[in-house]
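Data file: query-v1.txt. Format and content: compact mmCIF, C-alpha atoms and all ligand atoms.
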# COMPACT_ATOMS: atom_id res chain seq x y z
CA MET A 1 -11.29 15.45 1.32
CA ARG A 2 -7.93 14.08 0.28
CA PHE A 3 -7.57 11.14 -2.13
CA MET A 4 -4.74 9.14 -3.64
CA VAL A 5 -5.09 7.92 -7.22
CA THR A 6 -2.52 5.27 -8.09
CA GLY A 7 -1.84 4.92 -11.80
CA GLY A 8 -2.98 8.53 -12.09
CA ALA A 9 -0.78 9.24 -15.12
CA GLY A 10 -2.64 6.51 -16.98
CA PHE A 11 -5.84 6.58 -19.00
CA ILE A 12 -8.47 5.93 -16.35
CA GLY A 13 -6.48 7.26 -13.38
CA SER A 14 -5.97 10.66 -14.99
CA ASN A 15 -9.68 11.00 -15.85
CA LEU A 16 -10.48 10.14 -12.24
CA ALA A 17 -7.89 12.54 -10.82
CA PHE A 18 -9.35 15.43 -12.86
CA ALA A 19 -12.92 14.53 -11.84
CA LEU A 20 -11.99 14.47 -8.14
CA LYS A 21 -10.22 17.81 -8.47
CA GLN A 22 -13.26 19.23 -10.21
CA GLN A 23 -15.36 18.20 -7.21
CA GLY A 24 -13.04 20.28 -5.02
CA HIS A 25 -10.99 17.46 -3.46
CA ASP A 26 -7.31 17.44 -2.70
CA VAL A 27 -5.75 14.77 -4.97
CA VAL A 28 -2.36 13.12 -4.97
CA VAL A 29 -1.43 11.09 -8.05
CA VAL A 30 1.01 8.24 -7.52
CA ASP A 31 2.53 6.66 -10.61
CA ASP A 32 5.85 5.14 -11.64
CA PHE A 33 5.37 6.41 -15.23
CA SER A 34 6.13 2.92 -16.59
CA SER A 35 3.25 3.03 -19.06
CA GLY A 36 1.29 6.21 -18.24
CA HIS A 37 2.17 9.57 -19.76
CA TYR A 38 2.85 12.98 -18.24
CA LYS A 39 0.69 14.58 -20.96
CA ASN A 40 -2.38 13.06 -19.30
CA LEU A 41 -1.68 15.31 -16.31
CA ILE A 42 -1.19 18.61 -18.06
CA GLY A 43 -3.61 21.00 -16.37
CA PHE A 44 -3.84 18.82 -13.24
CA THR A 45 -3.31 20.98 -10.15
CA GLY A 46 -2.80 18.32 -7.44
CA GLU A 47 0.39 16.66 -6.23
CA VAL A 48 2.23 14.10 -8.38
CA VAL A 49 4.49 11.52 -6.71
CA THR A 50 6.69 9.09 -8.66
CA MET A 51 6.50 5.83 -6.79
CA ASP A 52 6.64 2.15 -7.70
CA MET A 53 3.63 0.53 -6.05
CA ALA A 54 5.32 -2.85 -6.35
CA ARG A 55 7.77 -1.63 -3.68
CA ILE A 56 5.19 -0.03 -1.42
CA GLU A 57 6.12 -2.16 1.60
CA GLU A 58 9.69 -0.79 1.49
CA LEU A 59 8.79 2.83 0.92
CA ALA A 60 8.75 5.06 3.97
CA GLU A 61 7.68 7.85 1.62
CA VAL A 62 4.17 6.47 1.43
CA GLU A 63 3.56 7.66 5.02
CA SER A 64 4.18 11.23 3.89
CA LEU A 65 1.03 11.02 1.75
CA LEU A 66 -1.17 10.81 4.85
CA PRO A 67 -3.77 11.81 5.85
CA LEU A 68 -5.93 10.22 3.15
CA ASP A 69 -9.71 9.83 3.03
CA GLY A 70 -9.62 7.23 0.27
CA ILE A 71 -7.48 5.42 -2.27
CA PHE A 72 -8.41 4.76 -5.90
CA HIS A 73 -6.01 2.05 -7.04
CA GLN A 74 -5.63 2.00 -10.82
CA ALA A 75 -1.90 1.25 -11.13
CA ALA A 76 -1.19 -2.01 -12.93
CA ILE A 77 0.51 -3.62 -15.86
CA THR A 78 -2.34 -3.15 -18.30
CA ASP A 79 -0.87 -4.63 -21.47
CA THR A 80 -2.66 -7.97 -21.75
CA THR A 81 0.01 -9.32 -24.10
CA VAL A 82 2.69 -9.23 -21.34
CA MET A 83 3.48 -12.89 -20.59
CA ASP A 84 5.98 -12.48 -17.72
CA GLN A 85 3.90 -14.16 -14.99
CA LYS A 86 6.18 -13.24 -12.09
CA ARG A 87 6.28 -9.56 -13.01
CA MET A 88 2.54 -9.38 -13.69
CA MET A 89 1.69 -10.99 -10.34
CA LYS A 90 4.13 -8.83 -8.40
CA VAL A 91 2.94 -5.54 -9.86
CA ASN A 92 -0.76 -6.30 -10.02
CA ASN A 93 -1.58 -8.66 -7.15
CA ASP A 94 1.26 -8.40 -4.61
CA ALA A 95 1.45 -4.60 -4.69
CA PHE A 96 -2.31 -4.53 -4.14
CA ARG A 97 -2.00 -6.87 -1.15
CA HIS A 98 0.59 -4.58 0.46
CA LEU A 99 -1.54 -1.54 -0.32
CA LEU A 100 -4.56 -3.19 1.34
CA GLU A 101 -2.52 -4.10 4.44
CA TRP A 102 -1.44 -0.48 4.76
CA ALA A 103 -4.93 0.90 4.06
CA VAL A 104 -6.56 -1.41 6.63
CA GLU A 105 -4.00 -0.39 9.25
CA LYS A 106 -4.72 3.29 8.53
CA GLU A 107 -8.49 2.71 8.06
CA ILE A 108 -8.52 4.20 4.55
CA PRO A 109 -11.29 3.07 2.13
CA VAL A 110 -10.01 1.46 -1.09
CA VAL A 111 -11.65 1.30 -4.51
CA TYR A 112 -9.58 -0.70 -7.00
CA ALA A 113 -9.64 -1.63 -10.67
CA SER A 114 -10.37 -5.22 -11.56
CA SER A 115 -11.20 -6.39 -15.06
CA ALA A 116 -13.62 -8.34 -17.23
CA GLY A 117 -10.49 -10.32 -18.13
CA VAL A 118 -11.36 -12.54 -15.14
CA TYR A 119 -14.17 -14.05 -17.25
CA GLY A 120 -11.99 -15.16 -20.16
CA ASN A 121 -14.32 -16.58 -22.78
CA SER A 122 -17.12 -17.61 -20.41
CA PRO A 123 -20.63 -17.27 -21.81
CA ALA A 124 -22.27 -13.84 -21.47
CA PRO A 125 -23.89 -12.18 -19.63
CA ASN A 126 -20.97 -12.15 -17.21
CA ARG A 127 -22.08 -12.45 -13.59
CA VAL A 128 -19.72 -11.58 -10.75
CA ASP A 129 -19.58 -15.06 -9.20
CA GLN A 130 -19.74 -17.16 -12.35
CA GLY A 131 -17.42 -18.18 -15.18
CA LEU A 132 -14.19 -17.02 -13.56
CA LEU A 133 -11.88 -18.53 -16.15
CA PRO A 134 -9.13 -16.05 -17.03
CA GLU A 135 -7.30 -16.93 -20.21
CA ASN A 136 -4.06 -15.01 -19.68
CA ILE A 137 -1.81 -13.91 -16.84
CA TYR A 138 -3.27 -10.40 -16.88
CA GLY A 139 -6.79 -11.78 -16.32
CA PHE A 140 -5.44 -14.13 -13.66
CA SER A 141 -3.69 -11.27 -11.83
CA LYS A 142 -7.03 -9.42 -11.62
CA TYR A 143 -8.77 -12.62 -10.48
CA ALA A 144 -6.10 -12.99 -7.77
CA MET A 145 -6.68 -9.35 -6.73
CA ASP A 146 -10.39 -10.06 -6.31
CA MET A 147 -9.62 -13.12 -4.17
CA THR A 148 -7.17 -11.07 -2.08
CA ALA A 149 -9.80 -8.35 -1.68
CA ARG A 150 -12.48 -10.85 -0.63
CA SER A 151 -10.18 -12.30 2.01
CA PHE A 152 -9.55 -8.80 3.40
CA MET A 153 -13.29 -8.01 3.29
CA GLU A 154 -14.04 -11.10 5.38
CA ARG A 155 -11.35 -10.32 7.93
CA HIS A 156 -12.09 -6.57 8.06
CA PRO A 157 -15.83 -6.10 7.54
CA GLU A 158 -15.59 -2.54 8.88
CA GLN A 159 -13.23 -1.57 6.04
CA ARG A 160 -14.57 -0.31 2.70
CA ILE A 161 -13.00 -2.32 -0.14
CA VAL A 162 -14.67 -2.16 -3.54
CA GLY A 163 -13.45 -3.93 -6.68
CA LEU A 164 -14.70 -2.73 -10.06
CA ARG A 165 -14.44 -5.08 -13.01
CA TYR A 166 -14.18 -2.72 -15.93
CA PHE A 167 -15.26 -4.03 -19.33
CA ASN A 168 -13.87 -2.47 -22.56
CA VAL A 169 -13.09 1.14 -21.73
CA TYR A 170 -12.60 3.86 -24.35
CA GLY A 171 -12.24 7.62 -24.13
CA PRO A 172 -9.82 10.57 -23.90
CA GLY A 173 -6.40 9.93 -22.36
CA GLU A 174 -5.54 6.52 -23.83
CA SER A 175 -3.28 7.45 -26.75
CA HIS A 176 -0.11 6.47 -24.81
CA LYS A 177 -1.34 2.86 -24.73
CA GLY A 178 -0.41 2.20 -28.36
CA HIS A 179 -1.56 -1.27 -29.46
CA ALA A 180 -3.34 -1.68 -26.07
CA ALA A 181 -5.54 1.40 -26.65
CA SER A 182 -9.22 0.73 -27.35
CA MET A 183 -10.50 -0.41 -30.73
CA VAL A 184 -12.49 2.83 -30.97
CA TYR A 185 -9.20 4.72 -30.83
CA GLN A 186 -7.44 2.38 -33.30
CA LEU A 187 -10.25 2.27 -35.84
CA TYR A 188 -10.90 6.01 -35.70
CA HIS A 189 -7.25 6.65 -36.62
CA GLN A 190 -7.27 4.05 -39.39
CA ILE A 191 -10.39 5.55 -40.94
CA LEU A 192 -9.11 9.11 -40.52
CA ALA A 193 -5.89 8.16 -42.31
CA GLY A 194 -8.00 6.99 -45.26
CA LYS A 195 -7.17 3.31 -44.64
CA ARG A 196 -9.69 0.54 -44.91
CA PRO A 197 -10.60 -0.47 -41.34
CA ARG A 198 -9.75 -4.12 -40.68
CA LEU A 199 -11.80 -6.45 -38.50
CA PHE A 200 -11.51 -10.12 -37.66
CA LYS A 201 -14.07 -12.13 -39.64
CA HIS A 202 -16.88 -11.08 -39.64
CA GLY A 203 -16.98 -8.23 -37.15
CA GLU A 204 -19.90 -9.68 -35.23
CA GLN A 205 -17.94 -10.39 -32.02
CA LYS A 206 -19.58 -8.50 -29.18
CA ARG A 207 -18.16 -6.47 -26.32
CA ASP A 208 -19.56 -4.35 -23.55
CA PHE A 209 -17.86 -1.07 -24.52
CA ILE A 210 -17.91 1.57 -21.81
CA TYR A 211 -17.07 5.27 -21.96
CA VAL A 212 -14.48 6.42 -19.44
CA THR A 213 -16.83 9.01 -17.87
CA ASP A 214 -19.06 6.14 -16.73
CA ILE A 215 -16.02 4.38 -15.25
CA VAL A 216 -15.29 7.56 -13.28
CA GLN A 217 -18.92 7.64 -12.14
CA ALA A 218 -18.68 4.04 -10.86
CA ASN A 219 -15.50 4.86 -8.92
CA LEU A 220 -17.07 7.90 -7.28
CA ARG A 221 -20.17 5.94 -6.33
CA ALA A 222 -18.03 3.13 -4.92
CA MET A 223 -16.21 5.62 -2.71
CA PHE A 224 -19.09 7.89 -1.70
CA SER A 225 -22.22 5.65 -1.56
CA GLU A 226 -23.74 5.34 1.89
CA GLY A 227 -23.74 2.05 3.80
CA ASP A 228 -21.78 -1.15 3.48
CA VAL A 229 -21.00 -1.51 -0.20
CA SER A 230 -17.80 -3.56 0.02
CA GLY A 231 -17.71 -6.17 -2.74
CA VAL A 232 -16.77 -6.82 -6.33
CA TYR A 233 -18.89 -5.31 -9.12
CA ASN A 234 -19.07 -5.30 -12.90
CA VAL A 235 -18.76 -1.95 -14.65
CA GLY A 236 -20.05 -1.97 -18.18
CA THR A 237 -23.17 -0.65 -19.89
CA GLY A 238 -25.03 -3.95 -19.59
CA THR A 239 -25.33 -4.07 -23.38
CA ALA A 240 -22.98 -5.77 -25.82
CA ARG A 241 -22.28 -4.24 -29.22
CA THR A 242 -20.40 -5.53 -32.26
CA PHE A 243 -17.26 -4.26 -33.96
CA ASN A 244 -19.40 -3.72 -37.05
CA ASP A 245 -21.55 -1.37 -34.95
CA MET A 246 -18.41 0.48 -33.89
CA ILE A 247 -17.26 1.06 -37.46
CA ALA A 248 -20.73 2.12 -38.56
CA ILE A 249 -20.94 4.71 -35.76
CA ILE A 250 -17.43 6.09 -36.39
CA CYS A 251 -18.11 6.34 -40.14
CA ARG A 252 -21.40 8.10 -39.49
CA GLU A 253 -19.68 10.58 -37.17
CA LEU A 254 -16.97 11.24 -39.75
CA ALA A 255 -19.49 11.33 -42.60
CA THR A 256 -17.42 8.80 -44.50
CA GLU A 257 -18.07 5.50 -46.23
CA ASN A 258 -17.84 2.17 -44.45
CA THR A 259 -15.37 -0.09 -46.31
CA VAL A 260 -14.44 -2.77 -43.80
CA GLU A 261 -11.94 -5.45 -44.75
CA TYR A 262 -12.49 -8.73 -42.91
CA ILE A 263 -9.36 -10.71 -42.07
CA ASP A 264 -8.65 -14.08 -40.40
CA ASN A 265 -8.26 -13.98 -36.64
CA PRO A 266 -4.74 -15.18 -35.75
CA TYR A 267 -5.42 -15.48 -32.01
CA ALA A 268 -6.16 -18.84 -30.41
CA PHE A 269 -7.78 -16.99 -27.50
CA TYR A 270 -10.30 -14.30 -28.36
CA GLN A 271 -13.33 -13.15 -26.40
CA ASN A 272 -16.39 -13.57 -28.59
CA HIS A 273 -18.99 -11.99 -26.38
CA THR A 274 -18.67 -10.00 -23.16
CA GLU A 275 -21.60 -8.34 -21.50
CA ALA A 276 -21.68 -7.08 -17.92
CA ASP A 277 -24.47 -8.07 -15.60
CA ILE A 278 -24.68 -4.73 -13.79
CA SER A 279 -27.70 -5.46 -11.58
CA ALA A 280 -25.68 -5.31 -8.32
CA THR A 281 -23.71 -2.26 -9.50
CA GLN A 282 -27.00 -0.49 -10.13
CA GLY A 283 -28.77 -1.80 -7.03
CA ARG A 284 -26.02 -1.38 -4.43
CA LEU A 285 -23.89 1.44 -5.81
CA GLY A 286 -26.64 3.38 -7.60
CA TYR A 287 -24.55 3.28 -10.79
CA ARG A 288 -26.35 4.35 -13.99
CA PRO A 289 -24.36 4.24 -17.23
CA GLU A 290 -25.02 7.51 -19.02
CA TYR A 291 -23.37 6.89 -22.37
CA THR A 292 -24.79 4.64 -25.06
CA PHE A 293 -22.19 3.46 -27.58
CA GLU A 294 -23.42 6.14 -30.01
CA ALA A 295 -23.16 8.93 -27.40
CA GLY A 296 -19.79 7.74 -26.09
CA ILE A 297 -18.20 7.57 -29.54
CA ALA A 298 -19.62 10.98 -30.47
CA ALA A 299 -18.21 12.54 -27.27
CA TYR A 300 -14.86 10.82 -27.75
CA LEU A 301 -14.41 11.81 -31.39
CA LYS A 302 -15.27 15.40 -30.49
CA ALA A 303 -12.53 15.34 -27.82
CA LEU A 304 -10.02 13.74 -30.23
CA GLN A 305 -10.80 16.27 -32.93
CA SER A 306 -10.46 19.27 -30.62
CA ALA A 307 -7.07 17.91 -29.40
CA ARG A 308 -5.63 17.79 -32.94
N1 LIG B 1 -8.69 0.39 -20.12
C1 LIG B 1 -9.45 -0.70 -19.99
O1 LIG B 1 -10.20 -1.07 -20.92
C2 LIG B 1 -9.44 -1.49 -18.72
C3 LIG B 1 -10.30 -2.61 -18.63
C4 LIG B 1 -10.30 -3.35 -17.47
C5 LIG B 1 -9.50 -2.99 -16.39
N2 LIG B 1 -8.66 -1.92 -16.50
C6 LIG B 1 -7.82 -1.59 -15.34
O2 LIG B 1 -7.93 -0.21 -15.07
C7 LIG B 1 -6.72 0.28 -14.51
C8 LIG B 1 -6.23 1.48 -15.30
O3 LIG B 1 -5.99 1.05 -16.63
P1 LIG B 1 -5.68 2.07 -17.81
O4 LIG B 1 -6.43 1.61 -19.00
O5 LIG B 1 -5.85 3.45 -17.33
O6 LIG B 1 -4.14 1.74 -18.10
P2 LIG B 1 -2.84 2.66 -18.14
O7 LIG B 1 -1.74 1.75 -18.56
O8 LIG B 1 -3.10 3.87 -18.93
O9 LIG B 1 -2.66 3.08 -16.61
C9 LIG B 1 -1.97 2.32 -15.66
C10 LIG B 1 -1.06 3.26 -14.91
O10 LIG B 1 -0.41 2.54 -13.85
C11 LIG B 1 0.95 2.96 -13.80
N3 LIG B 1 1.73 1.89 -13.18
C12 LIG B 1 1.98 0.65 -13.67
N4 LIG B 1 2.73 -0.04 -12.79
C13 LIG B 1 2.93 0.76 -11.71
C14 LIG B 1 3.62 0.62 -10.48
N5 LIG B 1 4.29 -0.51 -10.17
N6 LIG B 1 3.64 1.66 -9.62
C15 LIG B 1 2.99 2.82 -9.91
N7 LIG B 1 2.32 3.01 -11.06
C16 LIG B 1 2.29 2.00 -11.95
C17 LIG B 1 1.34 3.22 -15.25
O11 LIG B 1 2.47 4.05 -15.39
C18 LIG B 1 0.05 3.86 -15.79
O12 LIG B 1 0.08 5.26 -15.63
C19 LIG B 1 -5.75 -0.89 -14.51
O13 LIG B 1 -5.72 -1.48 -13.24
C20 LIG B 1 -6.34 -1.83 -15.55
O14 LIG B 1 -5.98 -3.17 -15.30
C21 LIG B 1 -8.61 -1.15 -17.63
Final structure tokens representation of the file:
Amino acid sequence: MRFMVTGGAGFIGSNLAFALKQQGHDVVVVDDFSSGHYKNLIGFTGEVVTMDMARIEELAEVESLLPLDGIFHQAAITDTTVMDQKRMMKVNNDAFRHLLEWAVEKEIPVVYASSAGVYGNSPAPNRVDQGLLPENIYGFSKYAMDMTARSFMERHPEQRIVGLRYFNVYGPGESHKGHAASMVYQLYHQILAGKRPRLFKHGEQKRDFIYVTDIVQANLRAMFSEGDVSGVYNVGTGTARTFNDMIAIICRELATENTVEYIDNPYAFYQNHTEADISATQGRLGYRPEYTFEAGIAAYLKALQSAR
């Protein structure tokens, strides 16, 4: 089968593109290389097309990608500190709308990346239809994508459209993200450099941290599960862990001492507790997270160490 992965030069998109290739599929990566990195695609043997998804409605070139059996839409502005509302909405929501229009016309199933950012600081556990209170324009753009998707699902019930709200993803392929890379990545490098890891007081804030291999699994299930699975789903582990846990696991893996420095949190908005309710993801998509936080960090650090 032939699949398009938008944002395929990015962290999650590149992991997905490799996994699809490994399953024997024909894969075309579409990316504008605005934040992704070519190094994520070294060893990738499919096609790579440089295309700005925000201009998809003007691009005749998109037709040349046909035939397609499915689209995995990962392309987005992913830096949550970007405050340009117009740009964020155009790239994240409007491009998605045009992509959906095209996909519906061509009858191509779409699985797209949403985010736990739609929940803002709502109380955990986060349920798909509750507490939709995004606290920044990034979270709002993902909320708008989900509303767009739901409208298309209602009007085109025959069309497969699946939204996946990723929680805090970590794993190989994120180094290009700089300050937006996961805290596992940041803290590992701080500790490795012999620096004292720094956490906002007192490190007990909780997140549902999810290893990228499980994100890939959710995408594959969303595309290949039998029956009508259109909808919006959470993708996390279903368990929240603290930043103190993260440091303890990294230190244990590196056989080093834990010397955390706790600092004041300068942010007015900060999520204190996220935790995915994954009952529908498990029930309808058959998704089973395979990596505990301990196993995910161990696998990730092994990959980081072998890449050095
Ligand atoms: N990493 C996480 O923790 C996380 C959490 C929730 C949701 N998500 C979502 O998952 C998806 C992938 O995120 P990621 O972490 O891999 O980020 P990333 O920044 O590594 O990947 C995004 C990719 O999209 C590309 N891109 C951006 N604008 C584009 C455009 N107009 N046209 C074509 N390509 C474009 C970038 O060049 C990049 O390669 C995004 O939609 C993001 O919002 C990620």
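Excluding Gly227 in chain A and any residue on its chain fewer than 4 positions from it, the residues at most 10 Å away by all atoms listed in the file are Arg160, Arg284 and Leu285 of chain A.
Distance check against Arg87 in chain A using only C-alpha atoms: of A:Ser35, A:Ser114, A:Asn258, A:Ser141, the minimum falls on A:Ser141.
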Report as lines of an AutoDock Vina configuration file the centre and the edge lengths, in Å to one decimal, of the axis-aligned box holding every listed atom of ligand LIG 1 (chain B), padded by 5 Å on each side.
center_x = -3.0
center_y = 1.0
center_z = -15.3
size_x = 24.6
size_y = 18.6
size_z = 21.3
Might you pull out every residue within 7 Å of range 211-219 of chain A, with only C-alpha atoms counted and same-chain residues fewer than 3 positions away left off, and present them as number ranges by chain?
A: 12, 16, 111, 169-171, 222-223, 235, 287, 289-291, 296
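For the choices A:Gly10, A:Lys201, A:Leu304, A:Glu107, the atom-to-atom distance to His189 in chain A is smallest for A:Leu304 when using only C-alpha atoms.
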Point-to-point distance in Å for CA of Gln282 in chain A and CA of Asp129 in chain A
16.4 Å
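Excluding Phe243 in chain A itself and any same-chain residue fewer than 6 positions from it, the protein and nucleic acid residues within 12 Å of it, counting all atoms listed in the file, are Ser182, Met183, Val184, Gln186, Leu187, Pro197, Arg198, Leu199, Phe200, Lys201, His202, Gly203, Glu204, Gln205, Lys206, Arg207, Asp208, Phe209, Ile249, Ile250, Val260, Tyr262, Asn272, His273 and Phe293 of chain A.
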Kindly provide the residues of chain A that approach ligand LIG 1 (chain B) to within 8 Å, each paired with its closest atom pair and their distance in Å to one decimal, based on all atoms listed in the file, listed by chain and increasing number, as a Markdown table.
| residue | atom | partner | partner_atom | distance |
| --- | --- | --- | --- | --- |
| A:Thr6 | CA | B:LIG1 | N7 | 6.1 |
| A:Gly7 | CA | B:LIG1 | O10 | 3.5 |
| A:Gly8 | CA | B:LIG1 | O12 | 5.7 |
| A:Ala9 | CA | B:LIG1 | O12 | 4.1 |
| A:Gly10 | CA | B:LIG1 | O12 | 3.3 |
| A:Phe11 | CA | B:LIG1 | O5 | 3.5 |
| A:Ile12 | CA | B:LIG1 | O5 | 3.7 |
| A:Gly13 | CA | B:LIG1 | O5 | 5.5 |
| A:Ser14 | CA | B:LIG1 | O5 | 7.6 |
| A:Val30 | CA | B:LIG1 | C15 | 6.2 |
| A:Asp31 | CA | B:LIG1 | N7 | 3.7 |
| A:Asp32 | CA | B:LIG1 | C15 | 4.1 |
| A:Phe33 | CA | B:LIG1 | O11 | 3.7 |
| A:Ser34 | CA | B:LIG1 | O11 | 4.0 |
| A:Ser35 | CA | B:LIG1 | O11 | 3.9 |
| A:Gly36 | CA | B:LIG1 | O12 | 3.0 |
| A:His37 | CA | B:LIG1 | O12 | 6.3 |
| A:Thr50 | CA | B:LIG1 | C15 | 7.4 |
| A:Met51 | CA | B:LIG1 | C15 | 5.6 |
| A:Asp52 | CA | B:LIG1 | N6 | 3.6 |
| A:Met53 | CA | B:LIG1 | N6 | 3.7 |
| A:Ala54 | CA | B:LIG1 | N5 | 4.6 |
| A:Arg55 | CA | B:LIG1 | N5 | 7.4 |
| A:His73 | CA | B:LIG1 | O13 | 7.1 |
| A:Gln74 | CA | B:LIG1 | C7 | 4.2 |
| A:Ala75 | CA | B:LIG1 | O10 | 3.4 |
| A:Ala76 | CA | B:LIG1 | C12 | 4.2 |
| A:Ile77 | CA | B:LIG1 | C12 | 5.0 |
| A:Thr78 | CA | B:LIG1 | O14 | 4.7 |
| A:Asp79 | CA | B:LIG1 | O7 | 7.1 |
| A:Val91 | CA | B:LIG1 | N5 | 5.2 |
| A:Asn92 | CA | B:LIG1 | O13 | 7.6 |
| A:Ala95 | CA | B:LIG1 | N5 | 7.4 |
| A:Tyr112 | CA | B:LIG1 | O13 | 7.4 |
| A:Ala113 | CA | B:LIG1 | O13 | 4.7 |
| A:Ser114 | CA | B:LIG1 | C5 | 5.4 |
| A:Ser115 | CA | B:LIG1 | C4 | 4.0 |
| A:Ala116 | CA | B:LIG1 | C4 | 6.0 |
| A:Gly117 | CA | B:LIG1 | C4 | 7.0 |
| A:Tyr138 | CA | B:LIG1 | O14 | 7.9 |
| A:Lys142 | CA | B:LIG1 | O14 | 7.3 |
| A:Arg165 | CA | B:LIG1 | C4 | 6.3 |
| A:Tyr166 | CA | B:LIG1 | C4 | 4.2 |
| A:Phe167 | CA | B:LIG1 | C3 | 5.2 |
| A:Asn168 | CA | B:LIG1 | O1 | 4.3 |
| A:Val169 | CA | B:LIG1 | O1 | 3.7 |
| A:Tyr170 | CA | B:LIG1 | O1 | 6.5 |
| A:Gly173 | CA | B:LIG1 | O8 | 7.7 |
| A:Glu174 | CA | B:LIG1 | O8 | 6.1 |
| A:His176 | CA | B:LIG1 | O8 | 7.1 |
| A:Lys177 | CA | B:LIG1 | O8 | 6.1 |
| A:Ala181 | CA | B:LIG1 | N1 | 7.3 |
| A:Ser182 | CA | B:LIG1 | O1 | 6.7 |
One residue among A:Gly194, A:Gly163, A:Gly178, A:Pro266 is nearest to Val128 in chain A when using all atoms listed in the file, and that residue is A:Gly163
Protein, DNA and RNA residues within 12 Å of (-29.0, -3.8, -13.7), all atoms listed in the file, as a PyMOL selection string:
chain A and resi 125+127+233-239+275-289
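Between CA of Met1 in chain A and CA of Val28 in chain A the separation is 11.2 Å.
From CA of Asp146 in chain A back to CA of Lys86 in chain A, the distance works out to 17.8 Å.
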What lies within 6 Å of range 121-124 of chain A using only C-alpha atoms, ignoring chain neighbours under 3 positions off, as an NGL selection string?
:A and (131 or 271 or 274-275)
Pull range 103-115 of chain A out of the block and emit N, CA and C atoms, as a compact mmCIF listing (two decimals), in the first residue's frame.
# COMPACT_ATOMS: atom_id res chain seq x y z
N ALA A 103 -8.74 14.92 0.58
CA ALA A 103 -8.78 13.48 0.92
C ALA A 103 -10.19 12.92 0.76
N VAL A 104 -11.20 13.70 1.16
CA VAL A 104 -12.59 13.24 1.03
C VAL A 104 -12.94 13.08 -0.45
N GLU A 105 -12.52 14.05 -1.23
CA GLU A 105 -12.80 13.99 -2.68
C GLU A 105 -12.16 12.74 -3.30
N LYS A 106 -10.97 12.41 -2.83
CA LYS A 106 -10.25 11.25 -3.39
C LYS A 106 -10.49 9.96 -2.61
N GLU A 107 -11.31 10.06 -1.55
CA GLU A 107 -11.66 8.90 -0.70
C GLU A 107 -10.42 8.26 -0.07
N ILE A 108 -9.55 9.11 0.48
CA ILE A 108 -8.33 8.61 1.13
C ILE A 108 -8.49 8.74 2.65
N PRO A 109 -8.32 7.65 3.40
CA PRO A 109 -8.39 7.74 4.87
C PRO A 109 -7.32 8.67 5.44
N VAL A 110 -7.68 9.39 6.51
CA VAL A 110 -6.74 10.34 7.13
C VAL A 110 -6.62 10.06 8.62
N VAL A 111 -5.39 9.92 9.08
CA VAL A 111 -5.10 9.88 10.52
C VAL A 111 -4.26 11.11 10.79
N TYR A 112 -4.65 11.93 11.78
CA TYR A 112 -3.91 13.18 11.99
C TYR A 112 -3.52 13.35 13.46
N ALA A 113 -2.52 14.19 13.67
CA ALA A 113 -2.01 14.44 15.02
C ALA A 113 -2.74 15.60 15.67
N SER A 114 -3.42 15.30 16.76
CA SER A 114 -3.94 16.36 17.63
C SER A 114 -3.03 16.38 18.86
N SER A 115 -3.48 17.01 19.92
CA SER A 115 -2.58 17.17 21.07
C SER A 115 -3.33 17.28 22.39
